[in-house]
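**Q** There's a structure below that I have some questions on.
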Amino acid sequence: MSVFRKHKSIVDRAASDRFRHKKKIEKAIKESIKDVIAEESIIGQNGTKKIRIPVKGIREYRFVYGNNEKNKSVGSGGDHTIKRGQKIGKQRAEKGQGQGTGKASDKEGDEYYDVEVSLEELAEYLFNDLELPDLEKKRFRFVSHETIKRKGYRFKGIRPRLSKKETLKRKIRRQKMAEKAGTYDPEGDERFPFHKDDLKYHHIKPKVKENSSAVIFFLMDVSGSMSMERKFLARSFFFLLYQFLNHKYDQVEVVFISHSTQAKRVDEDDFFKVGTHGGTIVSSCLDLELDIIQKEYHPNSWNIYSFYCGDGENWTSDNEKCIDLFSQIKDVSQLTGYCEINEHYKGLADEVDPNDPFHGTPWGTFSAWKNEEMENLWSKLNPLCDNKFKKVMVGQPEHIWKAFHSLFGGKSTHE
Amino acid sequence: MSDWTEADLLHWDEKIIRVAEDLGLDWHPIDYEIIDYQEMMGAMAYTGLPTHYRHWSYGKEYERTHTLYNMGQTGLPYEMIINSNPSIAYLMRENALYIHLLTMAHCVGHSDFFKQNRMFAETNPNHVIDTFKAGAKFVRQLIEDPSIGIDKVENILDAAHAIKYQVPRYRGITTPTTTQQVALEREKMENDPTYDGDITKTPLQPEYNVLRFIADHSKHLSDWERHLLLIVEESSQYFIPQALTKVMNEGWACTIHYKIIQELNLPDSLHLPFLKLHNQVVRTHLGQLNPYHLGFKLFEKIIEEEGFDEAMIVREVHNDISFLRFYLDEKFMQDMNYFSYSFKKTKKAITIDDVSDDDGWEKVRDELIRNVGLNRVPIVYVDEVKKDNTLCLVHEHDGRDLDIQYASKVYEHLQTLWGDDVKLVSLVENEVWEF
């Protein structure tokens, strides 16, 4: 006779192990996030939508046989028409896992977990160890929200704000006085009741919490030389910037400016979609930015961030003007970033001392510099470089995160 | 919701037991735990054991099952049973009665196999639950110990798990003790002056129990770390017999559940869904090996050709390797249409190597056997510990190369455990590969 037991356990026994596993996955997310930040699916999402990030499973490594000719698999065929040498697939079929106990070890295929995170959580993962260049104290322009603060006591108030402590103190005081006066006998059975006059209420006062505000200028080159790939990199870069600043500030305003030989202020959609045409005059957009700053975003009340993204090609005659305008922008901005998209570039962050991001010169062989019409804007900007003006170069999607780090990584010194 | 009561289970259990006894089976009594699907996933994560030490990999296993289950890609198992006395098996509350009947009959088959098969002779079914309980308690105490904590424990467990199948896999062989080995070597040297023996070598013979060897000989592990390795080793030893007999065990259990249910004279309302489920369990998986199918079909063949009594002997004396060597013949291989395939680097595709025809069936059979149970796990043994305390490990190359990426990660884990230099020798594409 077998025994049948209703299982009594109420404990979720795998809970703590799942928690540890989750921790490991989270770590993996942080590590693999730089692979997904340039994914099309993330860019352009708003803050509430959940993003699915495929995270490679945390593997347990054992000795296993490799996927090679000598390691053959065996299976049963569907019909008898199979022949030697017949092609049956591109990848090794995964081994079927039997049901029941006593599983033999087997190499598992690549497992992916779809982890759902909101953009906000993503920003949390991404940006937590990054620092904004220190904010100068600005006159606050935005009142972002009111908080309520308790302040003192009043005899009148609404029930929910009754202060029990104060009320009780008053009652005790009155009771002691009554004892002294002999009107109340503490030894007796009679209880000493609260009186309406004992009641005291918290007083509250609204408090205005002030917040700093920021405006970001996104300047992008949309000239003929900006191919779809280059624009995609620029777009990813801007998106990340936008998320980052959004994460750090309560209020962020964004101004999009695209330029070829002329600069235009555009809305977000157009900024990323506009076709590529025409030549390049970088100074045009810098002019426009300074104009807009003067009219709408006075540096005294705004934290200004300016980011330029282009392929580094500019008319030689325009370069001097650019340098001048860049330095003007630098003066009014918290941070000015100059990002150059160049697919020939293979890894700036690897080759350049991170503490000295603007003096490395791994770009001698770039095609752009070989064109004598185009002068090297990148190296001309060198004198401007300091904590408030930074240059980065991006060649492939995976550089974006590194570039980002060199823009924001570590604390910059207070000025 | 469910179409059964506990009284139904008791009623059918009695009948199942009677039929099984008439068949001549002898099994441990079975305790069935009736649990819901979440508890089932919990039990599955810990391979059915009611207590088990903590490790994140079991949390991962839970999540994996959970995801697959939610996506509808996998059903939960109909049977899961522990080799203990009494055997512990699980019935999922949400399942219908015919599934329970199949499960219960199937579990009788497993329990009989556990009790009768030679490979399980050295398992200790009376104490297995206590052993795992003690291990779980020890690990819990380490985690709670403020001077140790979960990170250090995981560090050791991760490393130990990397070599958890590097334990001896053949049963019933007593290895001579070190003193006996030294005496043997001495004797050899005296009898044969040309014999070049070395009695100072550690270990004297190749040591296949890498986990235990490291636990015993590492100069850097603390006591709790050694103990932890032995706990992992102990639990591996528990699973080894099951891995050695996966095909037989499932084949036997399917044979038994099929035989029992046929004898029960079930009403059609139970019998038809049972048949459907049974056929699902023992169906072929295209391009894969289904141990349920292979084992069931082979036992069917044995019973047809040599009778049930012969099958009873087979379930006692064989393991998967000998079972398949003995009973896979050309006709069977052809009927089941087994073929072997591999990934060709030059073609960047998987192509079929051999099919089960006159010329190929033996090769396919040999490949099949190499793909069963522990034959899929490379053998690595301790060759010697050098004077400078370098641990030298050798991979017993059988034609199949190691996955180098995996092997190098395991190598890192070995360094963690050993503390001094580790050397691992293997062959990759016919060249000596040394880590």
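Just so we're on the same page: first chain in the structure tokens is A, next is B, and so on; residues restart at 1 for each chain, and ligands are numbered from 1 in the order they show up.
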List every residue of region 147-379 of chain B that DSSP, applied to the backbone, labels as alpha helix (DSSP H), and write the result as a count of residues only.
**A** 141
**Q** With a distance threshold of 6 Å and counting only C-alpha atoms, extract the residues of chain A near chain B and express them as a PyMOL selection string.
**A** chain A and resi 2-7+14+17-18+20-21+61-66+68-78+84-90+99-102+104
**Q** Put those residues in a file: N, CA and C atoms, as a compact mmCIF listing (two decimals), in the first residue's frame.
**A**
```txt
# COMPACT_ATOMS: atom_id res chain seq x y z
N SER A 2 0.64 2.08 -0.95
CA SER A 2 1.44 3.30 -1.02
C SER A 2 0.84 4.37 -0.13
N VAL A 3 1.65 5.34 0.16
CA VAL A 3 1.18 6.45 0.99
C VAL A 3 0.94 7.65 0.08
N PHE A 4 -0.18 8.32 0.29
CA PHE A 4 -0.43 9.55 -0.46
C PHE A 4 -0.43 10.72 0.52
N ARG A 5 0.41 11.68 0.26
CA ARG A 5 0.49 12.82 1.17
C ARG A 5 0.18 14.09 0.41
N LYS A 6 -0.71 14.85 0.99
CA LYS A 6 -0.89 16.19 0.44
C LYS A 6 0.30 16.99 0.90
N HIS A 7 0.96 17.62 -0.02
CA HIS A 7 2.16 18.36 0.35
C HIS A 7 1.78 19.56 1.18
N ALA A 14 12.55 27.30 -3.89
CA ALA A 14 13.59 27.76 -4.82
C ALA A 14 13.79 29.27 -4.73
N ASP A 17 17.35 30.68 -4.17
CA ASP A 17 18.24 30.39 -5.29
C ASP A 17 17.85 31.17 -6.53
N ARG A 18 16.54 31.40 -6.67
CA ARG A 18 16.11 32.22 -7.80
C ARG A 18 16.62 33.64 -7.62
N ARG A 20 19.35 34.59 -6.07
CA ARG A 20 20.78 34.64 -6.41
C ARG A 20 20.98 34.61 -7.92
N HIS A 21 20.16 33.80 -8.57
CA HIS A 21 20.27 33.72 -10.02
C HIS A 21 19.90 35.06 -10.65
N TYR A 61 29.99 25.91 -16.45
CA TYR A 61 30.92 25.27 -17.37
C TYR A 61 31.34 23.91 -16.86
N ARG A 62 31.38 22.95 -17.75
CA ARG A 62 31.90 21.61 -17.45
C ARG A 62 32.75 21.18 -18.61
N PHE A 63 33.39 20.04 -18.44
CA PHE A 63 34.06 19.47 -19.60
C PHE A 63 32.99 18.92 -20.53
N VAL A 64 32.98 19.41 -21.77
CA VAL A 64 32.04 18.88 -22.75
C VAL A 64 32.79 18.69 -24.06
N TYR A 65 32.22 17.88 -24.91
CA TYR A 65 32.81 17.70 -26.22
C TYR A 65 32.41 18.84 -27.13
N GLY A 66 33.33 19.23 -28.00
CA GLY A 66 33.08 20.36 -28.89
C GLY A 66 32.20 19.96 -30.06
N ASN A 68 32.25 19.35 -33.30
CA ASN A 68 33.10 19.10 -34.47
C ASN A 68 32.81 17.74 -35.08
N GLU A 69 33.51 17.49 -36.15
CA GLU A 69 33.23 16.32 -36.96
C GLU A 69 33.32 15.01 -36.19
N LYS A 70 34.26 15.00 -35.23
CA LYS A 70 34.48 13.73 -34.54
C LYS A 70 33.41 13.48 -33.48
N ASN A 71 32.73 14.51 -33.13
CA ASN A 71 31.68 14.35 -32.12
C ASN A 71 30.35 14.23 -32.83
N LYS A 72 29.99 13.00 -33.10
CA LYS A 72 28.77 12.79 -33.87
C LYS A 72 27.56 12.64 -32.96
N SER A 73 26.43 13.03 -33.47
CA SER A 73 25.19 12.80 -32.75
C SER A 73 24.43 11.70 -33.46
N VAL A 74 23.49 11.11 -32.73
CA VAL A 74 22.69 10.06 -33.33
C VAL A 74 21.23 10.38 -33.11
N GLY A 75 20.43 10.15 -34.12
CA GLY A 75 19.01 10.38 -33.96
C GLY A 75 18.24 9.40 -34.79
N SER A 76 16.94 9.37 -34.57
CA SER A 76 16.13 8.50 -35.41
C SER A 76 15.56 9.32 -36.54
N GLY A 77 15.54 8.74 -37.72
CA GLY A 77 15.09 9.46 -38.90
C GLY A 77 13.60 9.33 -39.10
N GLY A 78 13.04 10.27 -39.81
CA GLY A 78 11.60 10.25 -40.04
C GLY A 78 11.21 9.16 -41.03
N ARG A 84 23.67 9.29 -46.74
CA ARG A 84 24.93 9.81 -46.25
C ARG A 84 25.25 11.14 -46.93
N GLY A 85 25.79 12.05 -46.19
CA GLY A 85 26.21 13.31 -46.78
C GLY A 85 25.08 14.31 -46.96
N GLN A 86 23.87 13.86 -46.66
CA GLN A 86 22.73 14.77 -46.78
C GLN A 86 22.85 15.90 -45.77
N LYS A 87 22.56 17.11 -46.25
CA LYS A 87 22.64 18.28 -45.37
C LYS A 87 21.35 18.34 -44.56
N ILE A 88 21.48 18.46 -43.25
CA ILE A 88 20.24 18.51 -42.48
C ILE A 88 20.12 19.74 -41.61
N GLY A 89 21.06 20.64 -41.70
CA GLY A 89 20.89 21.84 -40.89
C GLY A 89 22.16 22.62 -40.79
N LYS A 90 22.03 23.79 -40.20
CA LYS A 90 23.18 24.67 -40.08
C LYS A 90 23.83 24.54 -38.72
N GLN A 99 12.67 13.31 -19.67
CA GLN A 99 11.90 13.66 -18.49
C GLN A 99 12.40 12.81 -17.34
N GLY A 100 12.11 13.25 -16.14
CA GLY A 100 12.44 12.43 -15.00
C GLY A 100 13.77 12.76 -14.39
N THR A 101 14.21 11.90 -13.51
CA THR A 101 15.40 12.20 -12.72
C THR A 101 16.65 11.72 -13.43
N GLY A 102 17.75 12.05 -12.83
CA GLY A 102 19.02 11.51 -13.27
C GLY A 102 19.44 12.01 -14.63
N ALA A 104 21.67 13.24 -17.38
CA ALA A 104 23.10 13.24 -17.61
C ALA A 104 23.51 14.64 -18.00
```
**Q** Hey, what's within 12 Å of Val385 (chain B) if we count only C-alpha atoms and toss same-chain stuff fewer than 6 positions away? As a list in words, please?
**A**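 Residues near the query, excluding close chain neighbours: Thr200, Lys201, Thr202, Pro203, Leu204, Gln205, Pro206, Glu207, Phe213, Ile214, His217, Ser218, Lys219, Leu391, Cys392, Leu393, Val394, Trp418, Asp420, Asp421, Val422, Lys423 and Leu424 of chain B.
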**Q** Restrict the selected residues to C-alpha atoms and save them as a PDB file, in the first residue's frame.
**A**
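Result saved to out.pdb:
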```
ATOM      1  CA  THR B 200      56.784   8.335  -4.476  1.00  0.00           C
ATOM      2  CA  LYS B 201      54.323   9.382  -7.142  1.00  0.00           C
ATOM      3  CA  THR B 202      50.989  10.891  -6.096  1.00  0.00           C
ATOM      4  CA  PRO B 203      48.632   9.361  -7.053  1.00  0.00           C
ATOM      5  CA  LEU B 204      50.176   5.986  -7.802  1.00  0.00           C
ATOM      6  CA  GLN B 205      47.392   5.081 -10.197  1.00  0.00           C
ATOM      7  CA  PRO B 206      45.417   7.509 -12.327  1.00  0.00           C
ATOM      8  CA  GLU B 207      42.778   9.004 -10.037  1.00  0.00           C
ATOM      9  CA  PHE B 213      41.401  14.022  -4.850  1.00  0.00           C
ATOM     10  CA  ILE B 214      41.396  17.812  -4.706  1.00  0.00           C
ATOM     11  CA  HIS B 217      45.303  16.899  -1.475  1.00  0.00           C
ATOM     12  CA  SER B 218      44.861  20.612  -2.061  1.00  0.00           C
ATOM     13  CA  LYS B 219      47.225  22.570   0.163  1.00  0.00           C
ATOM     14  CA  LEU B 391      48.350  19.330 -10.440  1.00  0.00           C
ATOM     15  CA  CYS B 392      48.560  17.439 -13.727  1.00  0.00           C
ATOM     16  CA  LEU B 393      45.292  16.369 -15.269  1.00  0.00           C
ATOM     17  CA  VAL B 394      44.856  14.359 -18.444  1.00  0.00           C
ATOM     18  CA  TRP B 418      43.752  23.637  -6.252  1.00  0.00           C
ATOM     19  CA  ASP B 420      48.652  26.122  -7.109  1.00  0.00           C
ATOM     20  CA  ASP B 421      49.485  25.543 -10.761  1.00  0.00           C
ATOM     21  CA  VAL B 422      47.244  23.242 -12.745  1.00  0.00           C
ATOM     22  CA  LYS B 423      48.167  21.534 -15.984  1.00  0.00           C
ATOM     23  CA  LEU B 424      45.571  19.991 -18.243  1.00  0.00           C
TER      24      LEU B 424
END
```
**Q** Which value, in Å to one decimal, gives the distance between CA of Leu102 (chain B) and CA of Gly307 (chain B)?
**A**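 It comes out at 23.3 Å.
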**Q** Using DSSP on the backbone, list every residue of region 144-360 of chain B that comes out as strand (DSSP E or B), and give them as a short mmCIF file (atom, residue, chain, number, x, y, z; two decimals) with C-alpha atoms, in the first residue's frame.
**A**
```
data_model
loop_
_atom_site.label_atom_id
_atom_site.label_comp_id
_atom_site.auth_asym_id
_atom_site.auth_seq_id
_atom_site.Cartn_x
_atom_site.Cartn_y
_atom_site.Cartn_z
CA GLU B 207 42.78 9.00 -10.04
CA LEU B 286 13.12 13.26 -35.13
CA TYR B 338 18.91 5.61 -36.63
CA PHE B 339 21.57 7.72 -38.28
CA SER B 340 24.60 9.69 -37.16
CA TYR B 341 25.38 13.25 -38.07
CA SER B 342 27.90 15.94 -37.27
CA PHE B 343 28.84 19.50 -37.97
CA LYS B 344 31.32 19.85 -40.84
CA ALA B 349 26.62 22.57 -42.15
CA ILE B 350 25.42 19.47 -40.42
CA THR B 351 25.46 16.45 -42.64
CA ILE B 352 24.61 12.82 -42.14
CA ASP B 353 27.61 10.58 -41.57
CA ASP B 354 26.13 7.14 -41.53
CA VAL B 355 22.75 5.51 -41.86
#
```
**Q** Work out how far apart CA of Ala7 (chain B) and CA of Asn95 (chain B) are and give it in Å to one decimal.
**A**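 CA of Asn95 (chain B) lies at a distance of 15.7 Å from CA of Ala7 (chain B).
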**Q** Quick one, how far is CA of Glu340 (chain A) from CA of Met226 (chain A)?
**A** 11.0 Å
**Q** Pick out the closest residue to Asp386 (chain A) from this set: A:Met1, A:Leu407, A:Val332, A:Lys83. Count only C-alpha atoms.
**A**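 Checking each candidate against Asp386 (chain A), we get A:Leu407 as the closest.
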**Q** Need to verify the contact set: region 163-166 of chain A, 6 Å, only C-alpha atoms, exclusion of same-chain residues closer than 6 positions in sequence. Can you return it as a PyMOL selection string?
**A** chain A and resi 200-202
**Q** Taking 2 positions as the minimum chain separation for residues in the same chain, which residues sit within 9 Å of Val232 (chain B) when counting only C-alpha atoms? Answer as a list in words.
**A**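 Listed by chain and then number, they are Gly135, Leu157, Ala160, His161, Lys164, Leu211, His227, Leu228, Leu229, Leu230, Glu234, Ser235, Ser236 and Gln237 of chain B.
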**Q** Mind checking which residues fall within 12 Å of region 262-269 of chain B, counting only C-alpha atoms, ignoring those fewer than 6 positions away in the same chain, and posting them as a list in words?
**A**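 After dropping sequence-adjacent residues, the list is Asp3, His11, Trp12, Asp13, Glu14, Lys15, Ile16, Ile17, Arg18, Val19, Ala20, Asp22, Leu23, Ala96, Leu97, Tyr98, Leu101, Leu102, Ala105, Thr255, Ile256, Leu275, Lys276 and His278 of chain B.
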**Q** Next, dump the selected residues to file, keeping only C-alpha atoms, as a JSON list (two decimals), in the first residue's frame.
**A**
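Okay, this is what ended up in result-v6.json:
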```json
[["chain", "number", "residue", "atom", "x", "y", "z"],
["B", 3, "ASP", "CA", -11.70, 14.27, -11.99],
["B", 11, "HIS", "CA", -8.39, 2.25, -5.09],
["B", 12, "TRP", "CA", -6.22, 2.11, -8.20],
["B", 13, "ASP", "CA", -3.01, 1.95, -6.19],
["B", 14, "GLU", "CA", -4.17, -1.28, -4.65],
["B", 15, "LYS", "CA", -4.89, -2.76, -8.09],
["B", 16, "ILE", "CA", -1.59, -1.55, -9.51],
["B", 17, "ILE", "CA", 0.28, -3.13, -6.63],
["B", 18, "ARG", "CA", -1.51, -6.44, -7.12],
["B", 19, "VAL", "CA", -0.69, -6.56, -10.83],
["B", 20, "ALA", "CA", 2.92, -5.58, -10.19],
["B", 22, "ASP", "CA", 1.88, -10.84, -9.99],
["B", 23, "LEU", "CA", 4.50, -9.77, -12.51],
["B", 96, "ALA", "CA", -6.16, 14.07, -14.62],
["B", 97, "LEU", "CA", -6.67, 10.60, -13.18],
["B", 98, "TYR", "CA", -5.36, 8.69, -16.20],
["B", 101, "LEU", "CA", -2.40, 6.01, -13.11],
["B", 102, "LEU", "CA", 0.32, 6.08, -15.70],
["B", 105, "ALA", "CA", 2.52, 2.39, -12.62],
["B", 255, "THR", "CA", 7.35, -1.43, -20.19],
["B", 256, "ILE", "CA", 5.99, -1.89, -16.69],
["B", 275, "LEU", "CA", -2.87, 5.10, -24.71],
["B", 276, "LYS", "CA", -2.51, 8.50, -26.28],
["B", 278, "HIS", "CA", 1.79, 6.50, -23.54]]
```
**Q** Within 10 Å of Ser283 (chain A), counting only C-alpha atoms, which residues qualify if same-chain residues fewer than 2 places away don't, as a PDB file with N, CA and C atoms, in the first residue's frame?
**A**
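That gives us around.pdb:
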```pdb
ATOM      1  N   HIS A 259      22.124  70.121 -39.904  1.00  0.00           N
ATOM      2  CA  HIS A 259      22.748  71.045 -40.830  1.00  0.00           C
ATOM      3  C   HIS A 259      23.415  70.320 -41.989  1.00  0.00           C
ATOM      4  N   SER A 260      23.461  70.994 -43.110  1.00  0.00           N
ATOM      5  CA  SER A 260      24.352  70.573 -44.201  1.00  0.00           C
ATOM      6  C   SER A 260      25.202  71.810 -44.501  1.00  0.00           C
ATOM      7  N   THR A 261      24.814  72.567 -45.517  1.00  0.00           N
ATOM      8  CA  THR A 261      25.486  73.859 -45.644  1.00  0.00           C
ATOM      9  C   THR A 261      24.721  74.929 -44.885  1.00  0.00           C
ATOM     10  N   GLN A 262      23.460  74.601 -44.584  1.00  0.00           N
ATOM     11  CA  GLN A 262      22.660  75.510 -43.769  1.00  0.00           C
ATOM     12  C   GLN A 262      22.106  74.752 -42.578  1.00  0.00           C
ATOM     13  N   ALA A 263      21.855  75.469 -41.487  1.00  0.00           N
ATOM     14  CA  ALA A 263      21.345  74.801 -40.298  1.00  0.00           C
ATOM     15  C   ALA A 263      19.856  75.054 -40.175  1.00  0.00           C
ATOM     16  N   THR A 280      28.923  70.447 -46.452  1.00  0.00           N
ATOM     17  CA  THR A 280      29.015  70.564 -45.015  1.00  0.00           C
ATOM     18  C   THR A 280      29.586  71.916 -44.608  1.00  0.00           C
ATOM     19  N   ILE A 281      28.838  72.657 -43.845  1.00  0.00           N
ATOM     20  CA  ILE A 281      29.429  73.823 -43.192  1.00  0.00           C
ATOM     21  C   ILE A 281      29.039  73.748 -41.729  1.00  0.00           C
ATOM     22  N   CYS A 285      25.430  75.486 -37.985  1.00  0.00           N
ATOM     23  CA  CYS A 285      24.590  75.045 -36.883  1.00  0.00           C
ATOM     24  C   CYS A 285      25.063  75.645 -35.559  1.00  0.00           C
ATOM     25  N   LEU A 286      26.347  75.925 -35.482  1.00  0.00           N
ATOM     26  CA  LEU A 286      26.853  76.519 -34.243  1.00  0.00           C
ATOM     27  C   LEU A 286      26.311  77.945 -34.093  1.00  0.00           C
ATOM     28  N   ASP A 287      26.284  78.633 -35.229  1.00  0.00           N
ATOM     29  CA  ASP A 287      25.686  79.970 -35.252  1.00  0.00           C
ATOM     30  C   ASP A 287      24.259  79.923 -34.732  1.00  0.00           C
ATOM     31  N   LEU A 288      23.505  79.006 -35.316  1.00  0.00           N
ATOM     32  CA  LEU A 288      22.095  78.893 -34.949  1.00  0.00           C
ATOM     33  C   LEU A 288      21.944  78.583 -33.472  1.00  0.00           C
ATOM     34  N   GLU A 289      22.792  77.700 -32.967  1.00  0.00           N
ATOM     35  CA  GLU A 289      22.672  77.352 -31.559  1.00  0.00           C
ATOM     36  C   GLU A 289      22.881  78.572 -30.679  1.00  0.00           C
ATOM     37  N   ASN A 314      34.628  68.831 -43.137  1.00  0.00           N
ATOM     38  CA  ASN A 314      34.167  70.221 -43.147  1.00  0.00           C
ATOM     39  C   ASN A 314      35.024  70.994 -44.146  1.00  0.00           C
ATOM     40  N   TRP A 315      34.470  72.055 -44.689  1.00  0.00           N
ATOM     41  CA  TRP A 315      35.271  72.866 -45.597  1.00  0.00           C
ATOM     42  C   TRP A 315      36.364  73.562 -44.814  1.00  0.00           C
ATOM     43  N   ASP A 318      35.979  76.915 -43.371  1.00  0.00           N
ATOM     44  CA  ASP A 318      35.020  77.086 -42.283  1.00  0.00           C
ATOM     45  C   ASP A 318      35.617  76.747 -40.919  1.00  0.00           C
ATOM     46  N   ASN A 319      36.745  76.045 -40.939  1.00  0.00           N
ATOM     47  CA  ASN A 319      37.259  75.495 -39.691  1.00  0.00           C
ATOM     48  C   ASN A 319      37.569  76.545 -38.633  1.00  0.00           C
ATOM     49  N   GLU A 320      38.225  77.633 -39.067  1.00  0.00           N
ATOM     50  CA  GLU A 320      38.599  78.663 -38.091  1.00  0.00           C
ATOM     51  C   GLU A 320      37.373  79.214 -37.375  1.00  0.00           C
ATOM     52  N   LYS A 321      36.339  79.424 -38.177  1.00  0.00           N
ATOM     53  CA  LYS A 321      35.098  79.944 -37.621  1.00  0.00           C
ATOM     54  C   LYS A 321      34.500  78.953 -36.615  1.00  0.00           C
ATOM     55  N   CYS A 322      34.586  77.682 -36.999  1.00  0.00           N
ATOM     56  CA  CYS A 322      34.061  76.640 -36.111  1.00  0.00           C
ATOM     57  C   CYS A 322      34.745  76.670 -34.750  1.00  0.00           C
ATOM     58  N   ILE A 323      36.055  76.750 -34.794  1.00  0.00           N
ATOM     59  CA  ILE A 323      36.803  76.739 -33.548  1.00  0.00           C
ATOM     60  C   ILE A 323      36.347  77.893 -32.656  1.00  0.00           C
ATOM     61  N   ASP A 324      36.181  79.035 -33.278  1.00  0.00           N
ATOM     62  CA  ASP A 324      35.758  80.211 -32.540  1.00  0.00           C
ATOM     63  C   ASP A 324      34.373  79.993 -31.922  1.00  0.00           C
ATOM     64  N   LEU A 325      33.443  79.494 -32.753  1.00  0.00           N
ATOM     65  CA  LEU A 325      32.078  79.286 -32.264  1.00  0.00           C
ATOM     66  C   LEU A 325      32.034  78.197 -31.201  1.00  0.00           C
ATOM     67  N   PHE A 326      32.794  77.148 -31.424  1.00  0.00           N
ATOM     68  CA  PHE A 326      32.844  76.079 -30.427  1.00  0.00           C
ATOM     69  C   PHE A 326      33.305  76.625 -29.078  1.00  0.00           C
TER      70      PHE A 326
END
```
